[in-house]
There are 2 protein chains.
Amino acid sequence: MKPLRPWILGMGCTPVGEHWSQSLYDLATEAIHAALADAGVDRVDALVVGNMLSGVLNRQENLAAALADRAGLSGIEAIKVEAACASGGAALQVGAAMVASHTCERVLVLGVEKMTDADPAAVIQGLAYAADFESETIIGASFSGLSALLTSLYLQATGATPEDLSVFVRQAHQHAIGNPWAMYRHAVTAEEWGASPMISDPLRLLDCTPLCDGAAAVVLGRPGDLHRHEHRPVEIASIAGAVETIALAQRPQPLRLKAVEQSVARALERAEVSLPMLDLTEFHDAFPVMTALSLEAAGFMPAGTGWRYFDAAADAHLRIPIQTMGGLKARGHPVGATGVYQVIEATLQLQGRAGENQVLGAKTAMTQCSGGLGGNVFTSILRQATP
Amino acid sequence: MKPLRPWILGMGCTPVGEHWSQSLYDLATEAIHAALADAGVDRVDALVVGNMLSGVLNRQENLAAALADRAGLSGIEAIKVEAACASGGAALQVGAAMVASHTCERVLVLGVEKMTDADPAAVIQGLAYAADFESETIIGASFSGLSALLTSLYLQATGATPEDLSVFVRQAHQHAIGNPWAMYRHAVTAEEWGASPMISDPLRLLDCTPLCDGAAAVVLGRPGDLHRHEHRPVEIASIAGAVETIALAQRPQPLRLKAVEQSVARALERAEVSLPMLDLTEFHDAFPVMTALSLEAAGFMPAGTGWRYFDAAADAHLRIPIQTMGGLKARGHPVGATGVYQVIEATLQLQGRAGENQVLGAKTAMTQCSGGLGGNVFTSILRQATP
């Protein structure tokens with residue numbers, strides 16, 4: 001049977017940043033109302049919230065009910081979904097399944113994270129809950145620390161240098177200039193990168209995504225259920241997840257992101273799309289090594305060569321624009337919201353609304369977010385729909 | 001289009017209790033393996049985990065990935081779902097939607113909560129995150145305290161006494177005797193109830209559900225996908241949620257559980273079932289007032305009379321067995337697992353396997369769990385399927 005492929009009926013988000021005057025509830029409400037207005041509807045049947053740390057940092061669970069009510073959506077169905085930094089992607093999968101299963105006609109998928117109101121030490125600790133408690137968190141590992149270990153391993157195995165990897169950082173910042181809700185709309189030079197302080201050797205400050213706040217929302221509905229017709233409709237051709245062992249030290253091949261491999265393969269199969277049909281992709285560039293490894297695992301570059309993606313002399317299976325609106329690095333990474341920001345940005349590309357960052361002729365896009373260092377990965381395939 | 005209604009292919013759970021020698025991971029793995037063995041399969045496509053407090057109490061988010069890997073299910077899709085005390089019900093809805101949308105063929109839905117390893121004060125505080133942070137939690141409200149306020153209001157409005165409401169407690173304990181995984185398999189007399197210490201006036205210790213641990217799992221699949229044929233197949237005819245304002249003081253009619261009304265109406269409509277077709281129901285009896293109010297909101301008793309449900313002289317729209325295996329009160333309430341325990345118990349009834357608690361001729365059952373005091377409610381309709 002042909003699965004129902006939901007359409008994106010509308011979308012909206014807050015800028016990413018340090019929002020000292022807005023609460024978790026304020027940010028969520030702003031994004032929800034923006035998405036409803038963009039869709040031209042005042043009601044959805046369900047709210048699915050992607051969020052990682054509302055309990056740990058904001059002392060609010062029962063989060064989906066709390067947000068639905070504040071946004072004036074009392075009475076609907078509401079669910080919070082957690083998959084660490086991939087919570088937004090997981091929420092999109094749940095929202096899409098609720099539409100495709102005919103459980104609901106219209107679902108609003110919201111990603112939200114409010115990190116700046118808590119003690120930064122508590123935020124760092126909370127983020128480490130994405131790691132494995134029994135073998136990583138319990139011994140005091142932070143997420144930057146674990147990423148530094150993975151980066152060291154990659155540099156050792158490939159011969160790349162930290163400078164080589166920083167090409168992903170510089171490109172992300174360049175692209176963020178054209179993204180109206182990006183946190184860092186400024187370029188970064190190789191010198192600025194090299195002068196930024198060491199956080200966890202070999203990772204410098206400018207390698208790391210920021211602690212920040214943000215909320216992003218999309219309204220999903222059945223094909224054809226459009227209430228505003230200004231923009232070309234976009235369908236979610238597929239979403240697929242995959243998990244692997246969280247603890248880095250327990251992975252037989254830590255430089256092979258198996259969950260990326262599997263979720264990409266699944267997403268392509270469900271969408272009936274092959275890799276060469278993609279026009280752009282948004283990866284989970286929380287740290288540059290994740291971009292390099294994801295390019296390899298997804299099949300764009302041979303193993304060990306992801307860091308040479310922009311090097312025209314390097315072999316590549318496929319070379320298409322990535323992180324076209326600044327990625328996690330420069331748009332910012334409000335953890336549970338990231339997967340939804342990615343989908344909004346890719347949708348703008350498919351609608352020809354990406355301004356100076358427009359990928360010409362973009363018809364099909366892939367977005368991917370990762371809970372932890374590839375522990376739980378969700379990959380979405382979006383494509384232009386026929387109105 | 002006729003929606004696909006998933007079947008319950010297998011189920012398994014741990015006893016509910018204080019499991020000092022088992023971790024969150026151990027409990028989850030035990031329930032997952034028991035459910036897979038019961039279903040006669042060694043693989044599912046996805047794991048959906050209902051859990052409320054793994055971040056706050058167990059310092060483990062990315063929970064679904066962590067549990068999938070430990071249970072030997074690396075590579076599958078995995079998602080955690082949170083809706084406070086209704087997390088298990090929400091996870092069932094997500095799992096059912098993933099099957100019904102043809103995203104996956106077979107999904108394991110696990111509910112798990114590990115509360116005893118943390119400082120009890122932290123557990124009490126964590127549970128209060130199900131309340132509204134801005135107006136309830138921030139002023140120090142505990143969940144028992146809020147329930148006591150709601151109970152007082154109910155007693156004042158109806159003329160019922162705390163003794164009247166305790167009939168639900170006594171019946172739950174009586175039923176738990178026949179439930180092999182219940183935490184309290186012993187009767188409670190009116191005298192014992194009256195002699196138990198006051199926790200939050202008018203709630204006594206024996207009115208409150210215990211802090212406890214437990215994990216419960218069901219394997220959902222497509223109709224007919226049975227690998228073991230000893231027991232009659234059961235289908236999930238529907239699951240539906242509804243939310244209302246969490247903060248008690250902000251509800252226009254706090255004695256009317258609107259989310260119960262709406263989720264029951266939705267679940268019945270989706271299942272194409274009417275209330276008189278139900279043979280038994282499991283309510284969210286975290287406190288006796290919730291049973292009384294839920295009986296009223298679901299349509300079993302006129303408003304204000306739920307406390308007289310067992311009184312043959314009282315008017316009732318419908319009087320069928322409730323809390324047939326001990327309910328939250330006596331089976332125990334490992335928060336995120338409760339919704340899944342309810343479905344397992346109702347399935348046993350529909351399969352004629354409920355032993356001394358068997359409801360004769362039971363063909364259709366309703367289960368319901370509530371995040372907070374009716375803030376987010378999920379209602380399931382289960383029924384015998386035709387093999």
# chains A, B, ... in the order shown; residues from 1 in each chain; ligands from 1

$ residues_around --residues "Leu275 in chain A" --least-positions-apart "5" --cutoff "12 Å" --atoms "only C-alpha atoms" --output "JSON list (two decimals) with C-alpha atoms, in the first residue's frame"
[["chain", "number", "residue", "atom", "x", "y", "z"],
["A", 264, "VAL", "CA", 19.90, 7.25, 5.54],
["A", 265, "ALA", "CA", 19.39, 3.89, 3.83],
["A", 266, "ARG", "CA", 15.96, 3.55, 5.42],
["A", 267, "ALA", "CA", 14.90, 7.11, 4.61],
["A", 268, "LEU", "CA", 15.95, 6.79, 0.96],
["A", 269, "GLU", "CA", 14.17, 3.46, 0.62],
["A", 280, "LEU", "CA", 21.16, 19.57, -0.73],
["A", 281, "THR", "CA", 21.49, 18.15, 2.75],
["A", 295, "LEU", "CA", 29.37, 12.70, 4.94],
["A", 298, "ALA", "CA", 25.73, 8.78, 4.39],
["A", 299, "GLY", "CA", 27.70, 7.77, 1.32],
["A", 300, "PHE", "CA", 28.87, 11.15, 0.01],
["A", 301, "MET", "CA", 32.57, 10.53, 0.62],
["A", 317, "HIS", "CA", 30.68, 9.99, -4.61],
["A", 318, "LEU", "CA", 28.49, 13.05, -4.57],
["A", 319, "ARG", "CA", 29.09, 16.73, -3.86],
["A", 320, "ILE", "CA", 26.03, 18.87, -3.14],
["A", 364, "THR", "CA", 14.78, 17.19, -3.07],
["A", 365, "ALA", "CA", 16.55, 17.69, 0.25],
["A", 366, "MET", "CA", 17.77, 15.58, 3.13],
["A", 381, "ILE", "CA", 13.73, 13.36, 2.88]]

$ closest_atom_pairs --of "chain B" --to "chain A" --cutoff "7 Å" --atoms "only C-alpha atoms" --output "CSV"
residue,atom,partner,partner_atom,distance
B:Pro3,CA,A:His102,CA,6.6
B:Gly55,CA,A:Val56,CA,6.3
B:Val56,CA,A:Val56,CA,5.3
B:Arg59,CA,A:Tyr129,CA,5.5
B:Gln60,CA,A:Tyr129,CA,4.8
B:Glu61,CA,A:Tyr129,CA,5.0
B:Asn62,CA,A:Ala84,CA,4.7
B:Ala65,CA,A:Val243,CA,5.5
B:Ala66,CA,A:Ile246,CA,6.4
B:Asp69,CA,A:Thr245,CA,5.5
B:Ser74,CA,A:Glu244,CA,5.0
B:Gly75,CA,A:Val243,CA,4.9
B:Ile76,CA,A:Ala242,CA,5.1
B:Glu77,CA,A:Ala242,CA,4.4
B:Ala78,CA,A:Val243,CA,6.6
B:Ile79,CA,A:Ala83,CA,6.0
B:Lys80,CA,A:Glu82,CA,5.0
B:Val81,CA,A:Val81,CA,4.6
B:Glu82,CA,A:Lys80,CA,5.0
B:Ala83,CA,A:Asn62,CA,4.8
B:Ala84,CA,A:Asn62,CA,4.7
B:Ala90,CA,A:Ile79,CA,6.5
B:Val94,CA,A:Val94,CA,6.4
B:Ala97,CA,A:Ser101,CA,5.5
B:Met98,CA,A:Ala97,CA,5.5
B:Ala100,CA,A:Ser101,CA,4.9
B:Ser101,CA,A:Ser101,CA,3.9
B:His102,CA,A:Pro3,CA,6.6
B:Tyr129,CA,A:Gln60,CA,4.8
B:Ala130,CA,A:Asn62,CA,5.0
B:Asp132,CA,A:Ala66,CA,7.0
B:Phe133,CA,A:Gln60,CA,5.7
B:Gly241,CA,A:Glu77,CA,4.7
B:Ala242,CA,A:Glu77,CA,4.4
B:Val243,CA,A:Gly75,CA,4.9
B:Glu244,CA,A:Ser74,CA,5.0
B:Thr245,CA,A:Asp69,CA,5.5
B:Ile246,CA,A:Ala66,CA,6.4
B:Ala259,CA,A:Gly75,CA,6.5
B:Gly371,CA,A:Asn62,CA,6.5
B:Gly375,CA,A:Ala65,CA,6.5
B:Asn376,CA,A:Ala65,CA,5.9

$ atom_distance --atom1 "CA of Cys13 in chain B" --atom2 "CA of His175 in chain B"
18.2 Å

$ closest_residue --among "A:Ala118, A:Ala157, A:Val112, A:Ala385" --to "Asp26 in chain A" --atoms "only C-alpha atoms"
A:Val112

$ residues_around --residues "Ser200 in chain B" --least-positions-apart "6" --cutoff "10 Å" --atoms "only C-alpha atoms" --output "list in words"
Ser142, Ser144, Gly145, Leu146, Ser147, Ala148, Leu149 and Cys208 of chain B

$ write_last_selection --atoms "all heavy atoms" --output "CSV table (one decimal), in the first residue's frame"
chain,number,residue,atom,x,y,z
B,142,SER,N,3.4,20.0,46.0
B,142,SER,CA,3.7,18.6,45.7
B,142,SER,C,2.5,18.0,45.0
B,142,SER,O,1.3,18.6,45.1
B,142,SER,CB,4.0,17.8,47.0
B,142,SER,OG,2.8,17.6,47.7
B,144,SER,N,0.9,15.2,45.9
B,144,SER,CA,-0.1,14.8,46.9
B,144,SER,C,-0.9,16.0,47.4
B,144,SER,O,-2.1,16.0,47.7
B,144,SER,CB,0.6,14.1,48.1
B,144,SER,OG,1.3,13.0,47.6
B,145,GLY,N,-0.1,17.1,47.6
B,145,GLY,CA,-0.8,18.4,48.0
B,145,GLY,C,-1.9,18.8,47.1
B,145,GLY,O,-3.0,19.2,47.5
B,146,LEU,N,-1.5,18.8,45.8
B,146,LEU,CA,-2.5,19.3,44.8
B,146,LEU,C,-3.7,18.3,44.8
B,146,LEU,O,-4.9,18.7,44.7
B,146,LEU,CB,-1.9,19.3,43.4
B,146,LEU,CG,-0.8,20.5,43.2
B,146,LEU,CD1,0.0,20.3,42.0
B,146,LEU,CD2,-1.5,21.8,43.2
B,147,SER,N,-3.4,17.0,44.9
B,147,SER,CA,-4.5,16.0,44.9
B,147,SER,C,-5.4,16.2,46.2
B,147,SER,O,-6.6,16.0,46.1
B,147,SER,CB,-3.9,14.6,44.9
B,147,SER,OG,-3.2,14.4,43.8
B,148,ALA,N,-4.8,16.6,47.3
B,148,ALA,CA,-5.5,16.8,48.5
B,148,ALA,C,-6.5,18.0,48.3
B,148,ALA,O,-7.6,18.0,48.8
B,148,ALA,CB,-4.6,17.1,49.7
B,149,LEU,N,-6.0,19.1,47.6
B,149,LEU,CA,-6.9,20.2,47.4
B,149,LEU,C,-8.1,19.8,46.5
B,149,LEU,O,-9.2,20.2,46.8
B,149,LEU,CB,-6.1,21.3,46.7
B,149,LEU,CG,-5.0,22.0,47.5
B,149,LEU,CD1,-4.2,23.0,46.6
B,149,LEU,CD2,-5.7,22.8,48.6
B,208,CYS,N,-2.8,7.0,48.8
B,208,CYS,CA,-1.8,7.5,47.8
B,208,CYS,C,-1.1,6.3,47.1
B,208,CYS,O,-0.9,5.2,47.8
B,208,CYS,CB,-0.7,8.3,48.5
B,208,CYS,SG,-1.3,9.7,49.4

$ decode --residues "range 286-327 of chain A" --atoms "N, CA and C atoms" --output "mmCIF file, in the first residue's frame"
data_model
loop_
_atom_site.group_PDB
_atom_site.id
_atom_site.type_symbol
_atom_site.label_atom_id
_atom_site.label_comp_id
_atom_site.auth_asym_id
_atom_site.auth_seq_id
_atom_site.Cartn_x
_atom_site.Cartn_y
_atom_site.Cartn_z
ATOM 1 N N ALA A 286 27.186 19.436 15.006
ATOM 2 C CA ALA A 286 27.393 19.955 16.362
ATOM 3 C C ALA A 286 28.883 20.177 16.620
ATOM 4 N N PHE A 287 29.719 19.354 16.005
ATOM 5 C CA PHE A 287 31.175 19.484 16.029
ATOM 6 C C PHE A 287 31.648 19.093 14.624
ATOM 7 N N PRO A 288 32.742 19.699 14.134
ATOM 8 C CA PRO A 288 33.122 19.449 12.732
ATOM 9 C C PRO A 288 33.338 17.973 12.408
ATOM 10 N N VAL A 289 33.827 17.207 13.368
ATOM 11 C CA VAL A 289 34.063 15.793 13.072
ATOM 12 C C VAL A 289 32.756 15.080 12.745
ATOM 13 N N MET A 290 31.657 15.552 13.319
ATOM 14 C CA MET A 290 30.359 14.934 13.016
ATOM 15 C C MET A 290 29.976 15.178 11.549
ATOM 16 N N THR A 291 30.324 16.343 11.006
ATOM 17 C CA THR A 291 30.033 16.601 9.593
ATOM 18 C C THR A 291 30.847 15.662 8.721
ATOM 19 N N ALA A 292 32.136 15.565 9.030
ATOM 20 C CA ALA A 292 33.010 14.697 8.227
ATOM 21 C C ALA A 292 32.538 13.245 8.271
ATOM 22 N N LEU A 293 32.264 12.755 9.472
ATOM 23 C CA LEU A 293 31.856 11.356 9.612
ATOM 24 C C LEU A 293 30.480 11.104 8.996
ATOM 25 N N SER A 294 29.603 12.099 9.082
ATOM 26 C CA SER A 294 28.260 11.927 8.514
ATOM 27 C C SER A 294 28.317 11.895 6.991
ATOM 28 N N LEU A 295 29.185 12.731 6.406
ATOM 29 C CA LEU A 295 29.370 12.702 4.942
ATOM 30 C C LEU A 295 29.834 11.317 4.499
ATOM 31 N N GLU A 296 30.683 10.716 5.309
ATOM 32 C CA GLU A 296 31.188 9.385 4.968
ATOM 33 C C GLU A 296 30.094 8.321 5.155
ATOM 34 N N ALA A 297 29.449 8.359 6.301
ATOM 35 C CA ALA A 297 28.452 7.319 6.607
ATOM 36 C C ALA A 297 27.250 7.409 5.681
ATOM 37 N N ALA A 298 26.894 8.627 5.270
ATOM 38 C CA ALA A 298 25.728 8.776 4.393
ATOM 39 C C ALA A 298 26.039 8.366 2.963
ATOM 40 N N GLY A 299 27.339 8.238 2.653
ATOM 41 C CA GLY A 299 27.699 7.766 1.321
ATOM 42 C C GLY A 299 28.161 8.856 0.366
ATOM 43 N N PHE A 300 28.413 10.063 0.884
ATOM 44 C CA PHE A 300 28.872 11.148 0.014
ATOM 45 C C PHE A 300 30.371 11.053 -0.261
ATOM 46 N N MET A 301 31.106 10.591 0.733
ATOM 47 C CA MET A 301 32.568 10.527 0.616
ATOM 48 C C MET A 301 33.041 9.142 1.078
ATOM 49 N N PRO A 302 34.138 8.647 0.490
ATOM 50 C CA PRO A 302 34.712 7.383 0.985
ATOM 51 C C PRO A 302 35.163 7.537 2.445
ATOM 52 N N ALA A 303 35.184 6.423 3.169
ATOM 53 C CA ALA A 303 35.585 6.452 4.578
ATOM 54 C C ALA A 303 36.940 7.131 4.732
ATOM 55 N N GLY A 304 37.051 7.991 5.723
ATOM 56 C CA GLY A 304 38.320 8.649 6.018
ATOM 57 C C GLY A 304 38.585 9.901 5.212
ATOM 58 N N THR A 305 37.664 10.263 4.320
ATOM 59 C CA THR A 305 37.923 11.420 3.453
ATOM 60 C C THR A 305 36.891 12.543 3.597
ATOM 61 N N GLY A 306 35.979 12.400 4.526
ATOM 62 C CA GLY A 306 34.918 13.409 4.667
ATOM 63 C C GLY A 306 35.460 14.817 4.842
ATOM 64 N N TRP A 307 36.574 14.941 5.506
ATOM 65 C CA TRP A 307 37.178 16.255 5.753
ATOM 66 C C TRP A 307 37.612 16.936 4.469
ATOM 67 N N ARG A 308 37.688 16.182 3.354
ATOM 68 C CA ARG A 308 38.110 16.773 2.074
ATOM 69 C C ARG A 308 36.916 17.085 1.168
ATOM 70 N N TYR A 309 35.725 17.207 1.752
ATOM 71 C CA TYR A 309 34.504 17.377 0.959
ATOM 72 C C TYR A 309 34.563 18.594 0.039
ATOM 73 N N PHE A 310 35.171 19.659 0.491
ATOM 74 C CA PHE A 310 35.214 20.868 -0.341
ATOM 75 C C PHE A 310 36.450 20.916 -1.238
ATOM 76 N N ASP A 311 37.257 19.882 -1.148
ATOM 77 C CA ASP A 311 38.493 19.823 -1.930
ATOM 78 C C ASP A 311 38.173 19.201 -3.295
ATOM 79 N N ALA A 312 38.187 20.017 -4.313
ATOM 80 C CA ALA A 312 37.767 19.551 -5.642
ATOM 81 C C ALA A 312 38.637 18.412 -6.153
ATOM 82 N N ALA A 313 39.847 18.305 -5.618
ATOM 83 C CA ALA A 313 40.759 17.253 -6.083
ATOM 84 C C ALA A 313 40.468 15.906 -5.422
ATOM 85 N N ALA A 314 39.651 15.935 -4.372
ATOM 86 C CA ALA A 314 39.379 14.690 -3.651
ATOM 87 C C ALA A 314 38.299 13.883 -4.362
ATOM 88 N N ASP A 315 38.373 12.570 -4.214
ATOM 89 C CA ASP A 315 37.294 11.725 -4.735
ATOM 90 C C ASP A 315 36.032 11.992 -3.938
ATOM 91 N N ALA A 316 34.933 12.072 -4.607
ATOM 92 C CA ALA A 316 33.654 12.192 -3.902
ATOM 93 C C ALA A 316 32.636 11.375 -4.668
ATOM 94 N N HIS A 317 31.772 10.691 -3.934
ATOM 95 C CA HIS A 317 30.681 9.985 -4.613
ATOM 96 C C HIS A 317 29.627 10.985 -5.045
ATOM 97 N N LEU A 318 29.558 12.080 -4.339
ATOM 98 C CA LEU A 318 28.493 13.047 -4.569
ATOM 99 C C LEU A 318 28.893 14.320 -3.850
ATOM 100 N N ARG A 319 28.722 15.478 -4.513
ATOM 101 C CA ARG A 319 29.091 16.731 -3.856
ATOM 102 C C ARG A 319 27.977 17.755 -4.069
ATOM 103 N N ILE A 320 27.158 17.932 -3.064
ATOM 104 C CA ILE A 320 26.029 18.866 -3.142
ATOM 105 C C ILE A 320 26.139 19.847 -1.982
ATOM 106 N N PRO A 321 25.424 20.966 -2.040
ATOM 107 C CA PRO A 321 25.507 21.928 -0.938
ATOM 108 C C PRO A 321 25.050 21.320 0.389
ATOM 109 N N ILE A 322 25.781 21.655 1.443
ATOM 110 C CA ILE A 322 25.408 21.199 2.784
ATOM 111 C C ILE A 322 25.339 22.402 3.714
ATOM 112 N N GLN A 323 24.627 22.241 4.814
ATOM 113 C CA GLN A 323 24.500 23.274 5.859
ATOM 114 C C GLN A 323 24.204 24.627 5.209
ATOM 115 N N THR A 324 23.186 24.619 4.352
ATOM 116 C CA THR A 324 22.987 25.774 3.469
ATOM 117 C C THR A 324 22.506 27.024 4.191
ATOM 118 N N MET A 325 22.051 26.906 5.426
ATOM 119 C CA MET A 325 21.594 28.084 6.156
ATOM 120 C C MET A 325 22.416 28.307 7.435
ATOM 121 N N GLY A 326 23.556 27.630 7.523
ATOM 122 C CA GLY A 326 24.439 27.868 8.655
ATOM 123 C C GLY A 326 24.601 26.700 9.617
ATOM 124 N N GLY A 327 23.730 25.692 9.454
ATOM 125 C CA GLY A 327 23.886 24.494 10.275
ATOM 126 C C GLY A 327 23.771 24.764 11.770
#
